[in-house]
file my_file35.csv (CSV, N, CA and C atoms)
chain,number,residue,atom,x,y,z
E,2,MET,N,-20.7,3.1,0.2
E,2,MET,CA,-19.3,2.9,0.6
E,2,MET,C,-18.4,2.4,-0.6
E,3,LYS,N,-17.3,3.0,-0.7
E,3,LYS,CA,-16.4,2.6,-1.8
E,3,LYS,C,-15.8,1.2,-1.5
E,4,ASN,N,-15.2,0.6,-2.5
E,4,ASN,CA,-14.6,-0.7,-2.4
E,4,ASN,C,-15.6,-1.8,-2.1
E,5,MET,N,-16.8,-1.7,-2.5
E,5,MET,CA,-17.9,-2.6,-2.2
E,5,MET,C,-18.2,-3.4,-3.4
E,6,PHE,N,-18.4,-4.7,-3.3
E,6,PHE,CA,-18.9,-5.6,-4.3
E,6,PHE,C,-20.1,-6.3,-3.8
E,7,GLU,N,-21.2,-6.4,-4.7
E,7,GLU,CA,-22.4,-7.1,-4.3
E,7,GLU,C,-22.6,-8.4,-5.1
E,8,LEU,N,-23.0,-9.4,-4.4
E,8,LEU,CA,-23.3,-10.7,-5.0
E,8,LEU,C,-24.6,-11.2,-4.4
E,9,ILE,N,-25.5,-11.7,-5.3
E,9,ILE,CA,-26.8,-12.3,-4.9
E,9,ILE,C,-26.7,-13.8,-5.2
E,10,GLU,N,-26.9,-14.6,-4.2
E,10,GLU,CA,-26.8,-16.0,-4.3
E,10,GLU,C,-28.0,-16.7,-3.7
E,11,LYS,N,-28.9,-17.2,-4.4
E,11,LYS,CA,-30.1,-17.9,-3.9
E,11,LYS,C,-30.8,-17.0,-2.9
E,12,LYS,N,-31.1,-15.8,-3.3
E,12,LYS,CA,-31.8,-14.7,-2.5
E,12,LYS,C,-31.0,-14.1,-1.4
E,13,SER,N,-29.9,-14.7,-1.0
E,13,SER,CA,-29.0,-14.0,0.0
E,13,SER,C,-28.2,-13.0,-0.7
E,14,LYS,N,-28.0,-11.9,0.0
E,14,LYS,CA,-27.2,-10.8,-0.5
E,14,LYS,C,-25.9,-10.7,0.2
E,15,PHE,N,-24.8,-10.7,-0.5
E,15,PHE,CA,-23.4,-10.6,0.1
E,15,PHE,C,-22.8,-9.3,-0.4
E,16,TYR,N,-22.2,-8.6,0.5
E,16,TYR,CA,-21.6,-7.3,0.2
E,16,TYR,C,-20.1,-7.4,0.7
E,17,GLY,N,-19.2,-7.3,-0.3
E,17,GLY,CA,-17.8,-7.4,0.1
E,17,GLY,C,-17.1,-6.1,0.1
E,18,TYR,N,-16.3,-5.9,1.2
E,18,TYR,CA,-15.6,-4.6,1.4
E,18,TYR,C,-14.1,-5.0,1.6
E,19,VAL,N,-13.2,-4.1,1.2
E,19,VAL,CA,-11.8,-4.2,1.4
E,19,VAL,C,-11.2,-2.9,1.9
E,20,TYR,N,-10.4,-3.1,2.9
E,20,TYR,CA,-9.7,-1.9,3.5
E,20,TYR,C,-8.2,-2.1,3.7
E,21,SER,N,-7.5,-1.1,3.6
E,21,SER,CA,-6.1,-1.2,3.9
E,21,SER,C,-6.0,-0.9,5.4
E,22,VAL,N,-5.3,-1.7,6.2
E,22,VAL,CA,-5.2,-1.6,7.6
E,22,VAL,C,-3.8,-1.7,8.1
E,23,GLU,N,-3.4,-1.1,9.2
E,23,GLU,CA,-2.1,-1.2,9.7
E,23,GLU,C,-2.0,-1.7,11.1
E,24,ASN,N,-3.2,-1.8,11.8
E,24,ASN,CA,-3.3,-2.3,13.1
E,24,ASN,C,-4.7,-2.8,13.5
E,25,LEU,N,-4.7,-3.5,14.6
E,25,LEU,CA,-6.0,-4.1,15.1
E,25,LEU,C,-7.1,-3.0,15.4
E,26,GLU,N,-6.7,-1.9,15.8
E,26,GLU,CA,-7.6,-0.8,16.1
E,26,GLU,C,-8.4,-0.4,14.8
E,27,GLN,N,-7.6,-0.3,13.7
E,27,GLN,CA,-8.3,0.0,12.4
E,27,GLN,C,-9.3,-1.1,12.0
E,28,VAL,N,-8.9,-2.3,12.2
E,28,VAL,CA,-9.8,-3.4,11.9
E,28,VAL,C,-11.1,-3.3,12.7
E,29,GLU,N,-11.0,-3.1,14.0
E,29,GLU,CA,-12.1,-2.9,14.9
E,29,GLU,C,-13.0,-1.7,14.5
E,30,LYS,N,-12.3,-0.6,14.0
E,30,LYS,CA,-13.1,0.5,13.6
E,30,LYS,C,-13.9,0.2,12.4
E,31,TYR,N,-13.3,-0.4,11.4
E,31,TYR,CA,-14.1,-0.7,10.2
E,31,TYR,C,-15.2,-1.7,10.4
E,32,ILE,N,-15.0,-2.7,11.3
E,32,ILE,CA,-16.1,-3.7,11.6
E,32,ILE,C,-17.2,-2.9,12.4
E,33,ALA,N,-16.9,-2.0,13.3
E,33,ALA,CA,-17.9,-1.3,14.0
E,33,ALA,C,-18.7,-0.4,13.0
E,34,LEU,N,-18.0,0.2,12.1
E,34,LEU,CA,-18.7,1.0,11.1
E,34,LEU,C,-19.7,0.2,10.2
E,35,LEU,N,-19.3,-1.0,9.8
E,35,LEU,CA,-20.1,-1.9,9.0
E,35,LEU,C,-21.3,-2.4,9.9
E,36,LYS,N,-21.1,-2.7,11.1
E,36,LYS,CA,-22.2,-3.1,12.0
E,36,LYS,C,-23.2,-2.0,12.1
E,37,LYS,N,-22.7,-0.8,12.2
E,37,LYS,CA,-23.7,0.3,12.3
E,37,LYS,C,-24.4,0.5,11.0
E,38,GLU,N,-23.7,0.4,9.9
E,38,GLU,CA,-24.4,0.6,8.5
E,38,GLU,C,-25.3,-0.6,8.2
E,39,HIS,N,-25.0,-1.8,8.6
E,39,HIS,CA,-25.8,-3.0,8.2
E,39,HIS,C,-26.4,-3.6,9.5
E,40,LYS,N,-27.2,-2.8,10.1
E,40,LYS,CA,-27.8,-3.2,11.4
E,40,LYS,C,-28.7,-4.5,11.3
E,41,LYS,N,-29.3,-4.7,10.1
E,41,LYS,CA,-30.2,-5.8,9.9
E,41,LYS,C,-29.6,-7.0,9.2
E,42,CYS,N,-28.3,-7.0,9.0
E,42,CYS,CA,-27.7,-8.1,8.3
E,42,CYS,C,-27.7,-9.3,9.2
E,43,THR,N,-27.4,-10.5,8.6
E,43,THR,CA,-27.4,-11.7,9.4
E,43,THR,C,-26.0,-12.0,9.9
E,44,HIS,N,-25.0,-11.8,9.1
E,44,HIS,CA,-23.6,-12.1,9.4
E,44,HIS,C,-22.6,-11.0,8.9
E,45,ILE,N,-21.6,-10.7,9.7
E,45,ILE,CA,-20.5,-9.9,9.2
E,45,ILE,C,-19.2,-10.7,9.4
E,46,CYS,N,-18.8,-11.4,8.3
E,46,CYS,CA,-17.6,-12.3,8.4
E,46,CYS,C,-16.4,-11.5,7.8
E,47,TYR,N,-15.3,-11.8,8.3
E,47,TYR,CA,-14.1,-11.1,7.8
E,47,TYR,C,-12.8,-11.9,8.1
E,48,ALA,N,-11.8,-11.4,7.4
E,48,ALA,CA,-10.4,-11.9,7.7
E,48,ALA,C,-9.5,-10.7,7.4
E,49,PHE,N,-8.4,-10.8,8.1
E,49,PHE,CA,-7.3,-9.8,7.9
E,49,PHE,C,-6.0,-10.4,8.0
E,50,ASN,N,-5.0,-9.7,7.5
E,50,ASN,CA,-3.6,-10.1,7.5
E,50,ASN,C,-2.8,-8.8,7.7
E,51,ILE,N,-2.2,-8.6,8.8
E,51,ILE,CA,-1.3,-7.5,9.0
E,51,ILE,C,0.1,-8.0,9.3
E,52,LYS,N,1.0,-7.6,8.4
E,52,LYS,CA,2.4,-8.0,8.5
E,52,LYS,C,3.3,-7.1,9.3
E,53,SER,N,2.9,-5.8,9.2
E,53,SER,CA,3.8,-4.8,9.8
E,53,SER,C,2.9,-3.8,10.6
E,54,PRO,N,3.3,-3.5,11.8
E,54,PRO,CA,4.5,-3.7,12.5
E,54,PRO,C,4.6,-5.0,13.2
E,55,VAL,N,3.5,-5.7,13.4
E,55,VAL,CA,3.6,-7.1,14.0
E,55,VAL,C,2.7,-8.0,13.1
E,56,ASN,N,3.0,-9.3,13.1
E,56,ASN,CA,2.2,-10.2,12.4
E,56,ASN,C,0.9,-10.5,13.1
E,57,LEU,N,-0.2,-10.2,12.5
E,57,LEU,CA,-1.5,-10.5,13.0
E,57,LEU,C,-2.4,-11.0,11.8
E,58,ALA,N,-3.1,-12.1,12.1
E,58,ALA,CA,-4.0,-12.7,11.1
E,58,ALA,C,-5.2,-13.3,11.8
E,59,LYS,N,-6.4,-13.2,11.2
E,59,LYS,CA,-7.5,-13.7,11.9
E,59,LYS,C,-8.6,-13.9,10.8
E,60,ALA,N,-9.4,-14.9,11.0
E,60,ALA,CA,-10.6,-15.2,10.2
E,60,ALA,C,-11.8,-15.4,11.1
E,61,VAL,N,-12.9,-14.7,10.8
E,61,VAL,CA,-14.1,-14.7,11.7
E,61,VAL,C,-15.3,-15.1,10.9
E,62,ASP,N,-16.0,-16.2,11.4
E,62,ASP,CA,-17.2,-16.7,10.7
E,62,ASP,C,-18.5,-16.0,11.2
E,63,ASP,N,-18.5,-15.3,12.3
E,63,ASP,CA,-19.7,-14.6,12.8
E,63,ASP,C,-21.0,-15.4,12.8
E,64,GLY,N,-20.9,-16.6,13.3
E,64,GLY,CA,-22.2,-17.4,13.4
E,64,GLY,C,-22.4,-18.3,12.2
E,65,GLU,N,-21.7,-18.2,11.1
E,65,GLU,CA,-21.8,-19.2,10.0
E,65,GLU,C,-21.2,-20.5,10.5
E,66,PRO,N,-21.5,-21.6,9.8
E,66,PRO,CA,-20.8,-22.8,10.2
E,66,PRO,C,-19.3,-22.7,10.1
E,67,SER,N,-18.6,-23.3,11.1
E,67,SER,CA,-17.2,-23.1,11.2
E,67,SER,C,-16.4,-23.4,9.9
E,68,GLY,N,-15.6,-22.5,9.5
E,68,GLY,CA,-14.8,-22.7,8.3
E,68,GLY,C,-15.5,-22.4,7.0
E,69,THR,N,-16.7,-21.9,7.0
E,69,THR,CA,-17.4,-21.6,5.8
E,69,THR,C,-17.4,-20.2,5.3
E,70,ALA,N,-16.9,-19.3,6.1
E,70,ALA,CA,-16.9,-17.8,5.8
E,70,ALA,C,-15.5,-17.2,6.0
E,71,GLY,N,-15.1,-17.1,7.2
E,71,GLY,CA,-13.8,-16.4,7.5
E,71,GLY,C,-12.6,-17.1,6.8
E,72,LYS,N,-12.5,-18.4,6.9
E,72,LYS,CA,-11.4,-19.1,6.3
E,72,LYS,C,-11.4,-18.9,4.7
E,73,PRO,N,-12.5,-19.0,4.0
E,73,PRO,CA,-12.5,-18.8,2.6
E,73,PRO,C,-12.1,-17.3,2.3
E,74,ILE,N,-12.5,-16.4,3.1
E,74,ILE,CA,-12.1,-15.0,2.9
E,74,ILE,C,-10.6,-14.9,3.1
E,75,TYR,N,-10.1,-15.5,4.2
E,75,TYR,CA,-8.7,-15.4,4.4
E,75,TYR,C,-7.9,-16.1,3.3
E,76,ASN,N,-8.4,-17.2,2.7
E,76,ASN,CA,-7.7,-17.9,1.6
E,76,ASN,C,-7.5,-17.0,0.4
E,77,VAL,N,-8.5,-16.1,0.2
E,77,VAL,CA,-8.4,-15.1,-0.9
E,77,VAL,C,-7.2,-14.2,-0.7
E,78,ILE,N,-7.1,-13.7,0.6
E,78,ILE,CA,-6.0,-12.8,0.9
E,78,ILE,C,-4.7,-13.5,0.8
E,79,ASP,N,-4.6,-14.7,1.3
E,79,ASP,CA,-3.4,-15.5,1.3
E,79,ASP,C,-3.0,-15.8,-0.2
E,80,LYS,N,-3.9,-16.3,-1.0
E,80,LYS,CA,-3.5,-16.7,-2.4
E,80,LYS,C,-3.1,-15.5,-3.2
E,81,LYS,N,-3.5,-14.3,-2.9
E,81,LYS,CA,-3.1,-13.1,-3.6
E,81,LYS,C,-1.8,-12.5,-3.0
E,82,GLY,N,-1.4,-13.1,-1.9
E,82,GLY,CA,-0.2,-12.6,-1.2
E,82,GLY,C,-0.3,-11.2,-0.6
E,83,LEU,N,-1.5,-10.9,-0.2
E,83,LEU,CA,-1.7,-9.5,0.3
E,83,LEU,C,-1.4,-9.4,1.8
E,84,SER,N,-1.0,-8.2,2.2
E,84,SER,CA,-0.8,-8.0,3.7
E,84,SER,C,-1.3,-6.6,4.0
E,85,ASN,N,-1.5,-6.3,5.3
E,85,ASN,CA,-2.1,-5.1,5.7
E,85,ASN,C,-3.4,-4.8,5.1
E,86,ILE,N,-4.3,-5.8,5.1
E,86,ILE,CA,-5.6,-5.7,4.4
E,86,ILE,C,-6.7,-6.4,5.3
E,87,LEU,N,-7.8,-5.8,5.2
E,87,LEU,CA,-9.0,-6.4,5.8
E,87,LEU,C,-10.1,-6.6,4.7
E,88,VAL,N,-10.6,-7.8,4.7
E,88,VAL,CA,-11.7,-8.1,3.7
E,88,VAL,C,-12.9,-8.6,4.6
E,89,VAL,N,-14.0,-7.9,4.3
E,89,VAL,CA,-15.3,-8.1,5.1
E,89,VAL,C,-16.4,-8.5,4.1
E,90,VAL,N,-17.1,-9.5,4.4
E,90,VAL,CA,-18.3,-9.9,3.6
E,90,VAL,C,-19.5,-9.9,4.6
E,91,VAL,N,-20.5,-9.0,4.2
E,91,VAL,CA,-21.7,-8.8,5.0
E,91,VAL,C,-22.8,-9.7,4.3
E,92,ARG,N,-23.5,-10.5,5.1
E,92,ARG,CA,-24.5,-11.3,4.5
E,92,ARG,C,-25.9,-11.0,5.0
E,93,TYR,N,-26.9,-10.9,4.1
E,93,TYR,CA,-28.3,-10.8,4.5
E,93,TYR,C,-28.9,-12.1,4.0
E,94,PHE,N,-29.4,-12.9,4.9
E,94,PHE,CA,-30.0,-14.2,4.6
E,94,PHE,C,-31.2,-14.0,3.8
E,95,GLY,N,-31.3,-14.8,2.7
E,95,GLY,CA,-32.5,-14.6,1.8
E,95,GLY,C,-33.6,-15.7,1.9
E,96,GLY,N,-33.4,-16.6,2.9
E,96,GLY,CA,-34.5,-17.6,3.2
E,96,GLY,C,-34.2,-18.9,2.6
E,97,VAL,N,-33.1,-19.1,1.8
E,97,VAL,CA,-32.7,-20.3,1.2
E,97,VAL,C,-31.3,-20.7,1.7
E,98,LYS,N,-31.3,-21.9,2.4
E,98,LYS,CA,-30.0,-22.3,2.9
E,98,LYS,C,-29.1,-22.7,1.8
E,99,LEU,N,-27.8,-22.3,1.9
E,99,LEU,CA,-26.8,-22.6,0.8
E,99,LEU,C,-26.0,-23.9,1.0
E,100,GLY,N,-26.0,-24.4,2.3
E,100,GLY,CA,-25.2,-25.5,2.6
E,100,GLY,C,-23.8,-25.1,2.8
E,101,ALA,N,-22.9,-25.9,3.3
E,101,ALA,CA,-21.5,-25.6,3.6
E,101,ALA,C,-20.8,-25.2,2.3
E,102,GLY,N,-20.9,-26.1,1.3
E,102,GLY,CA,-20.2,-25.8,0.0
E,102,GLY,C,-20.7,-24.5,-0.6
E,103,GLY,N,-22.0,-24.3,-0.6
E,103,GLY,CA,-22.5,-23.1,-1.2
E,103,GLY,C,-22.0,-21.8,-0.4
E,104,LEU,N,-21.9,-21.9,0.9
E,104,LEU,CA,-21.4,-20.8,1.7
E,104,LEU,C,-20.0,-20.5,1.3
E,105,VAL,N,-19.2,-21.6,1.3
E,105,VAL,CA,-17.7,-21.4,0.9
E,105,VAL,C,-17.6,-20.7,-0.4
E,106,ARG,N,-18.4,-21.2,-1.4
E,106,ARG,CA,-18.3,-20.7,-2.8
E,106,ARG,C,-18.7,-19.2,-2.8
E,107,ALA,N,-19.8,-18.9,-2.1
E,107,ALA,CA,-20.4,-17.5,-2.1
E,107,ALA,C,-19.4,-16.5,-1.4
E,108,TYR,N,-18.9,-16.9,-0.2
E,108,TYR,CA,-17.9,-16.1,0.5
E,108,TYR,C,-16.6,-15.9,-0.3
E,109,THR,N,-16.2,-17.0,-0.9
E,109,THR,CA,-14.9,-16.9,-1.7
E,109,THR,C,-15.2,-16.0,-2.9
E,110,LYS,N,-16.3,-16.1,-3.6
E,110,LYS,CA,-16.5,-15.3,-4.8
E,110,LYS,C,-16.7,-13.9,-4.5
E,111,CYS,N,-17.4,-13.6,-3.4
E,111,CYS,CA,-17.6,-12.2,-3.0
E,111,CYS,C,-16.3,-11.5,-2.6
E,112,ALA,N,-15.5,-12.2,-1.8
E,112,ALA,CA,-14.3,-11.7,-1.3
E,112,ALA,C,-13.3,-11.5,-2.5
E,113,SER,N,-13.2,-12.5,-3.3
E,113,SER,CA,-12.3,-12.4,-4.5
E,113,SER,C,-12.7,-11.2,-5.4
E,114,ASN,N,-13.9,-11.1,-5.7
E,114,ASN,CA,-14.4,-10.0,-6.5
E,114,ASN,C,-14.1,-8.6,-5.9
E,115,ALA,N,-14.4,-8.5,-4.6
E,115,ALA,CA,-14.1,-7.3,-3.8
E,115,ALA,C,-12.7,-6.9,-3.9
E,116,VAL,N,-11.8,-7.9,-3.7
E,116,VAL,CA,-10.3,-7.7,-3.7
E,116,VAL,C,-9.9,-7.2,-5.1
E,117,GLU,N,-10.4,-7.9,-6.1
E,117,GLU,CA,-10.1,-7.5,-7.5
E,117,GLU,C,-10.5,-6.0,-7.8
E,118,LYS,N,-11.7,-5.7,-7.3
E,118,LYS,CA,-12.2,-4.3,-7.5
E,118,LYS,C,-11.3,-3.4,-6.8
E,119,TYR,N,-10.9,-3.7,-5.6
E,119,TYR,CA,-10.0,-2.9,-4.7
E,119,TYR,C,-8.6,-2.7,-5.4
E,120,LEU,N,-8.1,-3.8,-5.9
E,120,LEU,CA,-6.7,-3.7,-6.5
E,120,LEU,C,-6.7,-3.0,-7.8
E,121,CYS,N,-7.9,-2.9,-8.5
E,121,CYS,CA,-8.0,-2.3,-9.8
E,121,CYS,C,-8.4,-0.8,-9.7
E,122,LYS,N,-8.6,-0.3,-8.5
E,122,LYS,CA,-9.1,1.1,-8.4
E,122,LYS,C,-8.1,2.1,-8.8

call {"tool": "encode", "arguments": {"input": "my_file35.csv", "output": "structure tokens"}}
result
Amino acid sequence: MKNMFELIEKKSKFYGYVYSVENLEQVEKYIALLKKEHKKCTHICYAFNIKSPVNLAKAVDDGEPSGTAGKPIYNVIDKKGLSNILVVVVRYFGGVKLGAGGLVRAYTKCASNAVEKYLCK
């Protein structure tokens, strides 16, 4: 899939994806596609910011400790001033716990690199 960035952190694999979206239905479509593609993943965490036609924003941790995945992903979107965008990070657990700080760093790094790759395409 295009717009994908891969990060390996202590045996866990993180895959970052970025999509241009205009509504909640598109967000749901991309999440469903990724769930189908990554059936054996541990988590599919994401955040989006849609400014037009209505303001919608959401961050989802998908089972990761609260605030360690969705919020860091959303912070990347917010700091870059992006709108009408969905950033998703898919994680395959590698057997080594990263701790809350490690999760925040890994999700931030993966999301940030995926966004940079997307913006530079």

call {"tool": "closest_atom_pairs", "arguments": {"input": "my_file35.csv", "of": "range 4-46 of chain E", "to": "range 58-78 of chain E", "cutoff": "6 Å", "atoms": "all atoms listed in the file", "output": "JSON lines"}}
result
{"residue": "E:His44", "atom": "CA", "partner": "E:Asp63", "partner_atom": "C", "distance": 5.4}
{"residue": "E:Ile45", "atom": "C", "partner": "E:Asp63", "partner_atom": "CA", "distance": 5.2}
{"residue": "E:Cys46", "atom": "CA", "partner": "E:Val61", "partner_atom": "C", "distance": 4.4}

call {"tool": "atom_distance", "arguments": {"input": "my_file35.csv", "atom1": "CA of Leu120 in chain E", "atom2": "CA of Gly82 in chain E"}}
result
12.2 Å

call {"tool": "select_by_dssp", "arguments": {"input": "my_file35.csv", "residues": "chain E", "states": "strand (DSSP E or B)", "output": "count of residues only"}}
result
36

call {"tool": "residues_around", "arguments": {"input": "my_file35.csv", "residues": "Val89 in chain E", "least_positions_apart": "6", "cutoff": "7 Å", "atoms": "all atoms listed in the file", "output": "list in words"}}
result
Tyr16, Gly17, Tyr18, Val19, Tyr20, Ile45, Cys46, Tyr47, Ala48 and Ala112 of chain E

call {"tool": "atom_distance", "arguments": {"input": "my_file35.csv", "atom1": "atom N of Val116 in chain E", "atom2": "atom C of Pro54 in chain E"}}
result
23.7 Å

call {"tool": "closest_residue", "arguments": {"input": "my_file35.csv", "among": "E:Gly95, E:Val88, E:Ile51, E:Lys12", "to": "Glu117 in chain E", "atoms": "only C-alpha atoms"}}
result
E:Val88
